[in-house]
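Quick notes on the structure that follows.
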There are 2 protein chains.
Amino acid sequence: MSERLVLAAKERDDADPLADRRAGFVLDDVVYLDGNSLGALPAAVPGRVEDVVRRQWGELRIRSWDESGWWTAPERIGDRIAPLVGAAAGQIVVGDSTSVNVFKALVGAVRLVDDGRDEILVDATTFPTDGYIAGSAARLTGRTLRPVTPDEVPAALSERTAAVLLNHVDYRTGRLHDLPSLTAAVRAAGAVAVWDLCHSAGALPVGLDEHGVDLAVGCTYKYLNGGPGSPAYLYVRQGLQDRFDSPLPGWNSHTEPFGMREEYAPVAGARRGRVGTPDILSMLALEAALDVWDGVRVEDVREKSLALTDFFLECVAAYVPAGRVESLTPVRHEERGSQVALRCADAAEVMDRLVGRGVVGDFRSPDVLRFGFTPLYVGFADVERAARLLAEELR
Amino acid sequence: MSERLVLAAKERDDADPLADRRAGFVLDDVVYLDGNSLGALPAAVPGRVEDVVRRQWGELRIRSWDESGWWTAPERIGDRIAPLVGAAAGQIVVGDSTSVNVFKALVGAVRLVDDGRDEILVDATTFPTDGYIAGSAARLTGRTLRPVTPDEVPAALSERTAAVLLNHVDYRTGRLHDLPSLTAAVRAAGAVAVWDLCHSAGALPVGLDEHGVDLAVGCTYKYLNGGPGSPAYLYVRQGLQDRFDSPLPGWNSHTEPFGMREEYAPVAGARRGRVGTPDILSMLALEAALDVWDGVRVEDVREKSLALTDFFLECVAAYVPAGRVESLTPVRHEERGSQVALRCADAAEVMDRLVGRGVVGDFRSPDVLRFGFTPLYVGFADVERAARLLAEELR
């Protein structure tokens with residue numbers, strides 16, 4: 001143990017303006033560095049879910065579609081997420097899985113450009129479901145899928161490019177890609193970018209409106225703490241909504257959903273991204289989970305996130321024998337998400353042992369120790385302890 | 001009030017082998033005839049959901065994907081639904097909305113036949129989302145959508161037919177279509193039938209395996225009581241699973257989902273119908289809801305369902321002035337689902353008043369009073385009371 005690092009941790013925790021947010025979560029002695037896989041339980045959720053089940057469903061039953069606001073939940077909760085990703089209200093709708101939303105967004109993107117544009121570029125380093133779904137979108141729209149790395153995107157863009165699917169933060173290395181410049185490059189080439197925000201929303205500023213993003217998707221169970229498999233969301237920029245042509249035009253996106261019309265007529269606005277009946281239990285659990293963001297500035301979250309990952313790297317450097325692990329984490333802040341990835345050959349076993357000692361990160365195949373830092377509930381003393389126990393397991 | 005009908009109701013309730021099932025639900029004095037829109041709350045659900053939220057998510061967190069069986073829930077719960085629709089285990093997977101599953105099934109169906117088959121037939125009387133999604137499936141696969149009524153299907157089948165999307169029970173009239181003969185006709189024409197079981201599963205025997213159905217989908221929040229917007233399911237006949245080619249090939253359907261491979265390789269079996277991360281809160285609420293089926297024979301449910309709708313029609317005939325409503329409900333049992341539809345010009349206002357008096361059915365545009373009969377919790381005294389109060393409101 002390093003007295004200096006322990007003291008530094010205490011000083012930072014004492015000065016942390018977000019320190020009080022931890023009380024908004026159900027946590028124990030575990031150092032939970034896996035919020036980028038499944039966020040911890042916000043304290044407001046159990047009571048809200050109980051009310052949804054016992055009163056809204058159990059007592060009001062069908063009346064809750066109106067009286068408990070079930071019907072409008074996808075847009076209402078979308079508007080709660082909007083400020084966290086730099087979006088004005090009316091552009092985000094919650095529902096379905098991330099994969100399904102990637103499909104909606106990519107097919108929708110291709111339909112925004114000329115038929116002559118015959119290529120979809122996809123980040124080859126991305127979480128694989130994005131590539132699989134992009135392959136399906138390409139096949140169904142008669143386009144060719146071309147895997148590239150984000151660095152290669154600018155050079156790969158051409159008059160053949162229809163759409164580009166990009167991850168804001170790489171799930172494995174934690175590398176943050178340059179959303180403003182890549183969005184601008186894609187737009188300048190006449191194509192449409194689709195951003196996957198799974199590993200950035202809730203951890204750092206995204207600035208969807210500011211940077212002119214057209215389409216984006218994200219999950220809500222990582223830094224947004226919505227619960228296991230909680231519904232994902234779709235952002236369609238306001239100016240594009242009238243032209244957004246969903247490949248999943250379910251009755252919830254009809255201009256008159258209870259008119260039971262034979263002809264499909266898409267509603268205006270964010271609701272156009274809806275498909276079928278919204279999944280109310282999970283959706284309202286998410287709504288309760290978002291209460292922890294009241295009064296939080298994403299800029300403060302980002303500042304703490306970088307301080308946490310910096311400090312973790314500092315502690316690892318101090319505690320872990322040189323050469324035992326290799327950091328995949330970008331050194332430059334502007335290239336770093338809210339996680340640290342360390343590579344070592346025995347990563348799977350090391351992580352198992354570390355979890356057994358109360359420090360929960362995760363293993364990503366084939367050789368990566370992944371640690372996620374959720375600024376709302378991870379503190380600096382947690383970080384020092386995690387690095388120290390990691391070092392013990394690595395010796 | 002008719003003494004004869006009140007007495008008949010009491011006799012039938014006393015003799016009802018399913019009468020004890022009502023105790024498995026949270027119900028009050030309301031006569032709830034809207035279980036075909038949102039099933040009542042099963043008593044086992046609140047406690048189970050609380051455990052999932054507080055312990056599985058709150059305490060075990062990420063460990064629950066293995067330790068609490070989250071990962072395998074879609075197939076496990078599919079196997080709980082299977083006997084209710086006459087399917088052997090290993091053919092049903094739970095997840096996503098009905099609309100999304102219709103899309104998977106229809107595109108999958110088209111991909112099972114030759115490219116030369118260029119038509120998709122869709123039940124024009126169906127719940128509209130099926131038609132909208134079928135339109136999208138047709139557009140994306142280069143097929144033509146041809147709306148027909150179920151009666152017209154046999155004559156409309158030809159060597160051009162790729163797939164046929166049919167409802168087992170019509171959502172509006174409650175008409176039960178002849179699944180065995182229509183399935184056989186579609187198959188004989190070399191096409192693939194996709195059945196939507198939303199209004200039949202849990203109310204009557206479906207016999208998927210017995211009748212050689214290839215693909216089917218259904219929701220779980222009606223007669224299966226899974227809760228508002230609970231996840232839907234997809235049935236792919238075992239013999240077809242290796243050829244099932246999903247248009248939504250998310251990472252959950254990969255043979256090695258945590259291998260994070262760049263190339264998509266679909267897993268064998270029902271899991272191939274999965275897409276993204278399963279929605280655990282809603283899914284495990286559904287699992288708890290299915291406990292009410294333990295020891296229940298679907299044949300007994302069907303027998304009671306027909307007795308309930310017969311008795312309701314008898315009471316309506318006795319209480320309601322002749323000519324005030326027109327029944328859209330098929331008279332023949334083999335054409336009747338588990339609901340009664342009555343048409344009258346002022347249906348919307350009548351239903352509003354009836355709900356105010358504690359009899360909950362629903363209104364379906366433009367002029368239909370719809371009453372659903374869930375045999376697990378609706379009794380004959382409920383039926384007599386509902387018809388009596390309806391008659392009072394119609395006078």
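How things are named: the first chain in the structure tokens is A, the next is B, and so on; residues count from 1 in each chain; ligands count from 1 in the order shown.
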
Interface residues on chain B facing chain A, 6 Å, only C-alpha atoms, written as a ChimeraX atom specification: /B:38,41,58,62,97,99,128-129,132-133,136,140,228-230,247,249-251,260,262,264,276-282

Please produce an output containing C-alpha atoms for each residue in the selection, written as an mmCIF file, in the first residue's frame.
```cif
data_model
loop_
_atom_site.group_PDB
_atom_site.id
_atom_site.type_symbol
_atom_site.label_atom_id
_atom_site.label_comp_id
_atom_site.auth_asym_id
_atom_site.auth_seq_id
_atom_site.Cartn_x
_atom_site.Cartn_y
_atom_site.Cartn_z
ATOM 1 C CA LEU B 38 -53.787 -6.690 -20.773
ATOM 2 C CA LEU B 41 -51.634 -9.399 -12.432
ATOM 3 C CA GLY B 58 -29.010 -4.870 -6.710
ATOM 4 C CA ILE B 62 -23.406 -8.575 -13.298
ATOM 5 C CA SER B 97 -42.123 -7.077 -29.441
ATOM 6 C CA SER B 99 -44.048 -6.545 -34.423
ATOM 7 C CA PRO B 128 -52.801 -3.532 -38.601
ATOM 8 C CA THR B 129 -49.221 -3.784 -37.337
ATOM 9 C CA TYR B 132 -47.469 -2.668 -41.879
ATOM 10 C CA ILE B 133 -44.591 -4.955 -40.951
ATOM 11 C CA SER B 136 -41.797 -3.605 -44.892
ATOM 12 C CA LEU B 140 -36.966 -5.192 -48.217
ATOM 13 C CA PRO B 228 -47.747 -4.479 -19.974
ATOM 14 C CA GLY B 229 -45.591 -4.794 -23.060
ATOM 15 C CA SER B 230 -44.017 -8.029 -21.844
ATOM 16 C CA PRO B 247 -32.991 -10.410 -40.710
ATOM 17 C CA PRO B 249 -28.813 -11.338 -36.558
ATOM 18 C CA GLY B 250 -27.808 -9.719 -33.266
ATOM 19 C CA TRP B 251 -24.978 -10.945 -31.098
ATOM 20 C CA MET B 260 -16.744 -11.163 -30.233
ATOM 21 C CA GLU B 262 -16.142 -10.248 -36.679
ATOM 22 C CA TYR B 264 -21.544 -13.779 -37.921
ATOM 23 C CA GLY B 276 -29.911 -8.217 -28.566
ATOM 24 C CA THR B 277 -29.620 -8.287 -24.794
ATOM 25 C CA PRO B 278 -32.827 -9.723 -23.321
ATOM 26 C CA ASP B 279 -35.032 -7.433 -21.304
ATOM 27 C CA ILE B 280 -34.686 -9.150 -17.954
ATOM 28 C CA LEU B 281 -37.154 -7.355 -15.693
ATOM 29 C CA SER B 282 -40.069 -7.859 -18.056
#
```

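Non-sequential neighbours of stretch 319-327 of chain A (distance at most 6 Å, separation of 5 or more positions within a chain, only C-alpha atoms) are Ala341, Leu342, Arg343, Cys344 and Ala391 of chain A.
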
Please save N, CA, C and O atoms of the selected residues as a PDB file, in the first residue's frame.
```pdb
ATOM      1  N   ALA A 341      -8.490  -0.454 -20.046  1.00  0.00           N
ATOM      2  CA  ALA A 341      -8.311  -1.826 -20.527  1.00  0.00           C
ATOM      3  C   ALA A 341      -6.844  -2.190 -20.374  1.00  0.00           C
ATOM      4  O   ALA A 341      -5.967  -1.472 -20.847  1.00  0.00           O
ATOM      5  N   LEU A 342      -6.618  -3.297 -19.677  1.00  0.00           N
ATOM      6  CA  LEU A 342      -5.258  -3.777 -19.466  1.00  0.00           C
ATOM      7  C   LEU A 342      -5.141  -5.170 -20.053  1.00  0.00           C
ATOM      8  O   LEU A 342      -5.990  -6.027 -19.809  1.00  0.00           O
ATOM      9  N   ARG A 343      -4.090  -5.369 -20.799  1.00  0.00           N
ATOM     10  CA  ARG A 343      -3.925  -6.677 -21.443  1.00  0.00           C
ATOM     11  C   ARG A 343      -2.900  -7.515 -20.689  1.00  0.00           C
ATOM     12  O   ARG A 343      -1.826  -7.021 -20.324  1.00  0.00           O
ATOM     13  N   CYS A 344      -3.228  -8.779 -20.447  1.00  0.00           N
ATOM     14  CA  CYS A 344      -2.241  -9.748 -19.977  1.00  0.00           C
ATOM     15  C   CYS A 344      -2.722 -11.131 -20.374  1.00  0.00           C
ATOM     16  O   CYS A 344      -3.922 -11.366 -20.537  1.00  0.00           O
ATOM     17  N   ALA A 391      -2.926  -5.655  -8.283  1.00  0.00           N
ATOM     18  CA  ALA A 391      -1.475  -5.879  -8.250  1.00  0.00           C
ATOM     19  C   ALA A 391      -1.157  -7.136  -7.450  1.00  0.00           C
ATOM     20  O   ALA A 391      -0.285  -7.938  -7.850  1.00  0.00           O
TER      21      ALA A 391
END
```

Name the residues in contact with A:Gly218 at a cut-off of 8 Å, using only C-alpha atoms, excluding same-chain residues fewer than 4 positions from it; report them as a PDB file with N, CA and C atoms, in the first residue's frame.
```
ATOM      1  N   THR A  98     -30.631  -2.393 -28.450  1.00  0.00           N
ATOM      2  CA  THR A  98     -29.682  -1.615 -29.252  1.00  0.00           C
ATOM      3  C   THR A  98     -29.576  -2.194 -30.658  1.00  0.00           C
ATOM      4  N   ASP A 196     -23.170   4.856 -32.411  1.00  0.00           N
ATOM      5  CA  ASP A 196     -23.551   3.975 -31.306  1.00  0.00           C
ATOM      6  C   ASP A 196     -22.932   4.559 -30.038  1.00  0.00           C
ATOM      7  N   LEU A 197     -23.809   4.964 -29.119  1.00  0.00           N
ATOM      8  CA  LEU A 197     -23.379   5.683 -27.916  1.00  0.00           C
ATOM      9  C   LEU A 197     -23.345   4.794 -26.669  1.00  0.00           C
ATOM     10  N   CYS A 198     -23.413   3.478 -26.858  1.00  0.00           N
ATOM     11  CA  CYS A 198     -23.525   2.586 -25.694  1.00  0.00           C
ATOM     12  C   CYS A 198     -22.497   2.874 -24.613  1.00  0.00           C
ATOM     13  N   ALA A 201     -22.687   7.480 -23.569  1.00  0.00           N
ATOM     14  CA  ALA A 201     -23.809   8.194 -22.954  1.00  0.00           C
ATOM     15  C   ALA A 201     -23.794   8.005 -21.447  1.00  0.00           C
ATOM     16  N   ALA A 232     -33.306   0.274 -25.189  1.00  0.00           N
ATOM     17  CA  ALA A 232     -32.344   1.170 -25.828  1.00  0.00           C
ATOM     18  C   ALA A 232     -33.086   2.388 -26.373  1.00  0.00           C
ATOM     19  N   TYR A 233     -32.359   3.255 -27.064  1.00  0.00           N
ATOM     20  CA  TYR A 233     -33.011   4.453 -27.605  1.00  0.00           C
ATOM     21  C   TYR A 233     -32.482   4.773 -28.988  1.00  0.00           C
ATOM     22  N   LEU A 234     -33.284   5.564 -29.679  1.00  0.00           N
ATOM     23  CA  LEU A 234     -32.972   5.996 -31.040  1.00  0.00           C
ATOM     24  C   LEU A 234     -33.103   7.512 -31.095  1.00  0.00           C
TER      25      LEU A 234
END
```

Between atom CA of B:Asp79 and atom CA of B:Arg272, distance in Å (one decimal): 14.7 Å

Strand (DSSP E) positions in stretch 86-214 of chain A, given as JSON, numbers by chain: {"A": [92, 93, 94, 119, 120, 121, 122, 123, 144, 145, 146, 147, 148, 161, 162, 163, 164, 165, 166, 167, 192, 193, 194, 195, 196]}

Using N, CA, C and O atoms, can you export the residues from the last selection as an mmCIF file, in the first residue's frame?
```cif
data_model
loop_
_atom_site.group_PDB
_atom_site.id
_atom_site.type_symbol
_atom_site.label_atom_id
_atom_site.label_comp_id
_atom_site.auth_asym_id
_atom_site.auth_seq_id
_atom_site.Cartn_x
_atom_site.Cartn_y
_atom_site.Cartn_z
ATOM 1 N N ILE A 92 -35.573 11.853 -29.246
ATOM 2 C CA ILE A 92 -35.155 10.520 -28.778
ATOM 3 C C ILE A 92 -36.381 9.735 -28.349
ATOM 4 O O ILE A 92 -37.255 10.252 -27.656
ATOM 5 N N VAL A 93 -36.421 8.482 -28.759
ATOM 6 C CA VAL A 93 -37.493 7.593 -28.337
ATOM 7 C C VAL A 93 -36.851 6.320 -27.778
ATOM 8 O O VAL A 93 -35.857 5.823 -28.317
ATOM 9 N N VAL A 94 -37.413 5.827 -26.679
ATOM 10 C CA VAL A 94 -36.863 4.664 -25.992
ATOM 11 C C VAL A 94 -37.664 3.426 -26.368
ATOM 12 O O VAL A 94 -38.901 3.496 -26.472
ATOM 13 N N GLU A 119 -22.464 1.634 -50.764
ATOM 14 C CA GLU A 119 -21.625 1.063 -49.695
ATOM 15 C C GLU A 119 -22.076 1.522 -48.315
ATOM 16 O O GLU A 119 -22.433 2.685 -48.121
ATOM 17 N N ILE A 120 -22.010 0.600 -47.374
ATOM 18 C CA ILE A 120 -22.139 0.951 -45.956
ATOM 19 C C ILE A 120 -20.788 0.678 -45.309
ATOM 20 O O ILE A 120 -20.266 -0.437 -45.403
ATOM 21 N N LEU A 121 -20.244 1.696 -44.676
ATOM 22 C CA LEU A 121 -18.992 1.503 -43.936
ATOM 23 C C LEU A 121 -19.340 1.168 -42.484
ATOM 24 O O LEU A 121 -20.232 1.780 -41.900
ATOM 25 N N VAL A 122 -18.629 0.213 -41.931
ATOM 26 C CA VAL A 122 -18.862 -0.131 -40.526
ATOM 27 C C VAL A 122 -17.524 -0.252 -39.814
ATOM 28 O O VAL A 122 -16.555 -0.785 -40.365
ATOM 29 N N ASP A 123 -17.503 0.297 -38.616
ATOM 30 C CA ASP A 123 -16.323 0.237 -37.758
ATOM 31 C C ASP A 123 -15.987 -1.235 -37.492
ATOM 32 O O ASP A 123 -16.723 -1.948 -36.817
ATOM 33 N N THR A 144 -23.305 -2.903 -50.223
ATOM 34 C CA THR A 144 -22.131 -3.684 -49.870
ATOM 35 C C THR A 144 -21.608 -3.192 -48.529
ATOM 36 O O THR A 144 -21.511 -1.987 -48.311
ATOM 37 N N LEU A 145 -21.279 -4.123 -47.656
ATOM 38 C CA LEU A 145 -20.734 -3.753 -46.354
ATOM 39 C C LEU A 145 -19.216 -3.718 -46.450
ATOM 40 O O LEU A 145 -18.597 -4.662 -46.935
ATOM 41 N N ARG A 146 -18.644 -2.633 -45.959
ATOM 42 C CA ARG A 146 -17.192 -2.504 -46.028
ATOM 43 C C ARG A 146 -16.653 -2.186 -44.642
ATOM 44 O O ARG A 146 -16.828 -1.077 -44.147
ATOM 45 N N PRO A 147 -16.000 -3.155 -44.012
ATOM 46 C CA PRO A 147 -15.452 -2.912 -42.676
ATOM 47 C C PRO A 147 -14.175 -2.076 -42.760
ATOM 48 O O PRO A 147 -13.297 -2.347 -43.585
ATOM 49 N N VAL A 148 -14.109 -1.062 -41.909
ATOM 50 C CA VAL A 148 -12.918 -0.200 -41.834
ATOM 51 C C VAL A 148 -12.680 0.133 -40.362
ATOM 52 O O VAL A 148 -13.572 -0.050 -39.543
ATOM 53 N N THR A 161 -20.452 6.051 -50.761
ATOM 54 C CA THR A 161 -20.822 5.802 -49.368
ATOM 55 C C THR A 161 -22.260 6.234 -49.088
ATOM 56 O O THR A 161 -22.606 7.401 -49.289
ATOM 57 N N ALA A 162 -23.054 5.293 -48.598
ATOM 58 C CA ALA A 162 -24.420 5.623 -48.185
ATOM 59 C C ALA A 162 -24.460 5.986 -46.709
ATOM 60 O O ALA A 162 -24.983 7.018 -46.315
ATOM 61 N N ALA A 163 -23.925 5.112 -45.881
ATOM 62 C CA ALA A 163 -24.014 5.301 -44.442
ATOM 63 C C ALA A 163 -22.758 4.764 -43.777
ATOM 64 O O ALA A 163 -22.057 3.920 -44.342
ATOM 65 N N VAL A 164 -22.493 5.282 -42.567
ATOM 66 C CA VAL A 164 -21.316 4.868 -41.805
ATOM 67 C C VAL A 164 -21.768 4.606 -40.375
ATOM 68 O O VAL A 164 -22.357 5.484 -39.738
ATOM 69 N N LEU A 165 -21.513 3.404 -39.877
ATOM 70 C CA LEU A 165 -21.869 3.058 -38.497
ATOM 71 C C LEU A 165 -20.610 3.098 -37.639
ATOM 72 O O LEU A 165 -19.655 2.371 -37.898
ATOM 73 N N LEU A 166 -20.648 3.953 -36.631
ATOM 74 C CA LEU A 166 -19.464 4.181 -35.816
ATOM 75 C C LEU A 166 -19.785 4.050 -34.330
ATOM 76 O O LEU A 166 -20.883 4.415 -33.895
ATOM 77 N N ASN A 167 -18.810 3.571 -33.566
ATOM 78 C CA ASN A 167 -18.925 3.579 -32.117
ATOM 79 C C ASN A 167 -18.270 4.815 -31.556
ATOM 80 O O ASN A 167 -17.166 5.163 -31.968
ATOM 81 N N VAL A 192 -24.478 9.479 -44.497
ATOM 82 C CA VAL A 192 -25.130 9.659 -43.196
ATOM 83 C C VAL A 192 -24.397 8.811 -42.158
ATOM 84 O O VAL A 192 -24.189 7.620 -42.363
ATOM 85 N N ALA A 193 -24.028 9.456 -41.039
ATOM 86 C CA ALA A 193 -23.375 8.713 -39.957
ATOM 87 C C ALA A 193 -24.410 8.257 -38.935
ATOM 88 O O ALA A 193 -25.327 8.996 -38.592
ATOM 89 N N VAL A 194 -24.243 7.026 -38.462
ATOM 90 C CA VAL A 194 -25.028 6.502 -37.347
ATOM 91 C C VAL A 194 -24.050 6.244 -36.211
ATOM 92 O O VAL A 194 -23.094 5.488 -36.374
ATOM 93 N N TRP A 195 -24.292 6.876 -35.067
ATOM 94 C CA TRP A 195 -23.395 6.715 -33.922
ATOM 95 C C TRP A 195 -23.991 5.783 -32.884
ATOM 96 O O TRP A 195 -25.151 5.924 -32.519
ATOM 97 N N ASP A 196 -23.170 4.856 -32.411
ATOM 98 C CA ASP A 196 -23.551 3.975 -31.306
ATOM 99 C C ASP A 196 -22.932 4.559 -30.038
ATOM 100 O O ASP A 196 -21.711 4.624 -29.901
#
```

Alpha helix (DSSP H) residues, from DSSP on the backbone, in stretch 131-370 of chain A, as JSON, numbers by chain: {"A": [131, 132, 133, 134, 135, 136, 137, 138, 139, 140, 141, 153, 154, 155, 156, 179, 180, 181, 182, 183, 184, 185, 186, 187, 188, 280, 281, 282, 283, 284, 285, 286, 287, 288, 289, 298, 299, 300, 301, 302, 303, 304, 305, 306, 307, 308, 309, 310, 311, 312, 313, 314, 315, 316, 317, 318, 319, 347, 348, 349, 350, 351, 352, 353, 354, 355, 356]}

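Interatomic distance, atom CA of A:Gly108 to atom CA of A:Val186: 15.7 Å.
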
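Interatomic distance, atom CA of A:Ala270 against atom CA of B:Thr220: 26.4 Å.
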
Selection: 10 Å around A:Glu314, only C-alpha atoms, excl. self and same-chain fewer than 4 positions, as a ChimeraX atom specification: /A:5,308-310,318-319,384,387

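Nearest residue to A:Gly86, choosing from A:Leu313, A:Val350, A:Val217, A:Val298 and counting only C-alpha atoms: A:Val298.
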
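Distance annotation: of B:Pro74, B:Asp114, B:Arg12, B:Val85, the residue with the minimal separation from B:Val213 is B:Val85; atom set is only C-alpha atoms.
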
Minimum-distance residue to A:Leu306, chosen among A:Leu240, A:Leu215, A:Ala88, A:Leu176 (using only C-alpha atoms): A:Leu176

Close residues, A:Leu328 itself excluded, 12 Å, only C-alpha atoms, min 4 positions apart in chain, as a PyMOL selection string: chain A and resi 170-175+313+332+335-337+339-344+367-371

Keeping only N, CA and C atoms, write the selected residues to a file as a tab-separated table (two decimals), in the first residue's frame.
```tsv
chain	number	residue	atom	x	y	z
A	170	ASP	N	-14.97	2.69	-28.07
A	170	ASP	CA	-14.75	1.27	-28.35
A	170	ASP	C	-14.95	0.44	-27.07
A	171	TYR	N	-15.75	-0.62	-27.18
A	171	TYR	CA	-16.13	-1.40	-25.99
A	171	TYR	C	-14.93	-2.10	-25.36
A	172	ARG	N	-13.90	-2.33	-26.14
A	172	ARG	CA	-12.80	-3.15	-25.64
A	172	ARG	C	-11.67	-2.28	-25.08
A	173	THR	N	-11.19	-1.37	-25.92
A	173	THR	CA	-10.04	-0.55	-25.50
A	173	THR	C	-10.47	0.70	-24.75
A	174	GLY	N	-11.73	1.09	-24.88
A	174	GLY	CA	-12.16	2.34	-24.26
A	174	GLY	C	-11.76	3.56	-25.06
A	175	ARG	N	-11.33	3.37	-26.28
A	175	ARG	CA	-10.92	4.52	-27.08
A	175	ARG	C	-12.13	5.35	-27.52
A	313	LEU	N	-4.70	4.51	-13.55
A	313	LEU	CA	-3.45	4.23	-14.27
A	313	LEU	C	-2.24	4.56	-13.42
A	332	ARG	N	-4.09	10.05	-24.17
A	332	ARG	CA	-4.67	11.38	-24.35
A	332	ARG	C	-6.14	11.39	-23.93
A	335	GLU	N	-8.97	11.09	-26.35
A	335	GLU	CA	-9.18	9.78	-26.99
A	335	GLU	C	-9.62	8.71	-25.99
A	336	ARG	N	-9.98	9.13	-24.77
A	336	ARG	CA	-10.28	8.14	-23.73
A	336	ARG	C	-11.74	8.20	-23.29
A	337	GLY	N	-12.36	7.04	-23.24
A	337	GLY	CA	-13.71	6.95	-22.67
A	337	GLY	C	-13.63	6.89	-21.16
A	339	GLN	N	-13.21	4.08	-19.30
A	339	GLN	CA	-12.76	2.76	-18.88
A	339	GLN	C	-11.26	2.62	-19.09
A	340	VAL	N	-10.72	1.62	-18.42
A	340	VAL	CA	-9.30	1.28	-18.59
A	340	VAL	C	-9.25	-0.19	-19.01
A	341	ALA	N	-8.49	-0.45	-20.05
A	341	ALA	CA	-8.31	-1.83	-20.53
A	341	ALA	C	-6.84	-2.19	-20.37
A	342	LEU	N	-6.62	-3.30	-19.68
A	342	LEU	CA	-5.26	-3.78	-19.47
A	342	LEU	C	-5.14	-5.17	-20.05
A	343	ARG	N	-4.09	-5.37	-20.80
A	343	ARG	CA	-3.92	-6.68	-21.44
A	343	ARG	C	-2.90	-7.52	-20.69
A	344	CYS	N	-3.23	-8.78	-20.45
A	344	CYS	CA	-2.24	-9.75	-19.98
A	344	CYS	C	-2.72	-11.13	-20.37
A	367	ASP	N	-7.81	-11.41	-24.09
A	367	ASP	CA	-6.78	-11.19	-23.05
A	367	ASP	C	-6.91	-9.83	-22.36
A	368	VAL	N	-8.13	-9.32	-22.25
A	368	VAL	CA	-8.29	-7.97	-21.73
A	368	VAL	C	-9.00	-7.95	-20.38
A	369	LEU	N	-8.38	-7.25	-19.42
A	369	LEU	CA	-9.03	-6.89	-18.16
A	369	LEU	C	-9.68	-5.53	-18.38
A	370	ARG	N	-11.00	-5.48	-18.21
A	370	ARG	CA	-11.69	-4.22	-18.50
A	370	ARG	C	-12.29	-3.65	-17.21
A	371	PHE	N	-11.99	-2.39	-16.95
A	371	PHE	CA	-12.50	-1.72	-15.76
A	371	PHE	C	-13.27	-0.47	-16.18
```
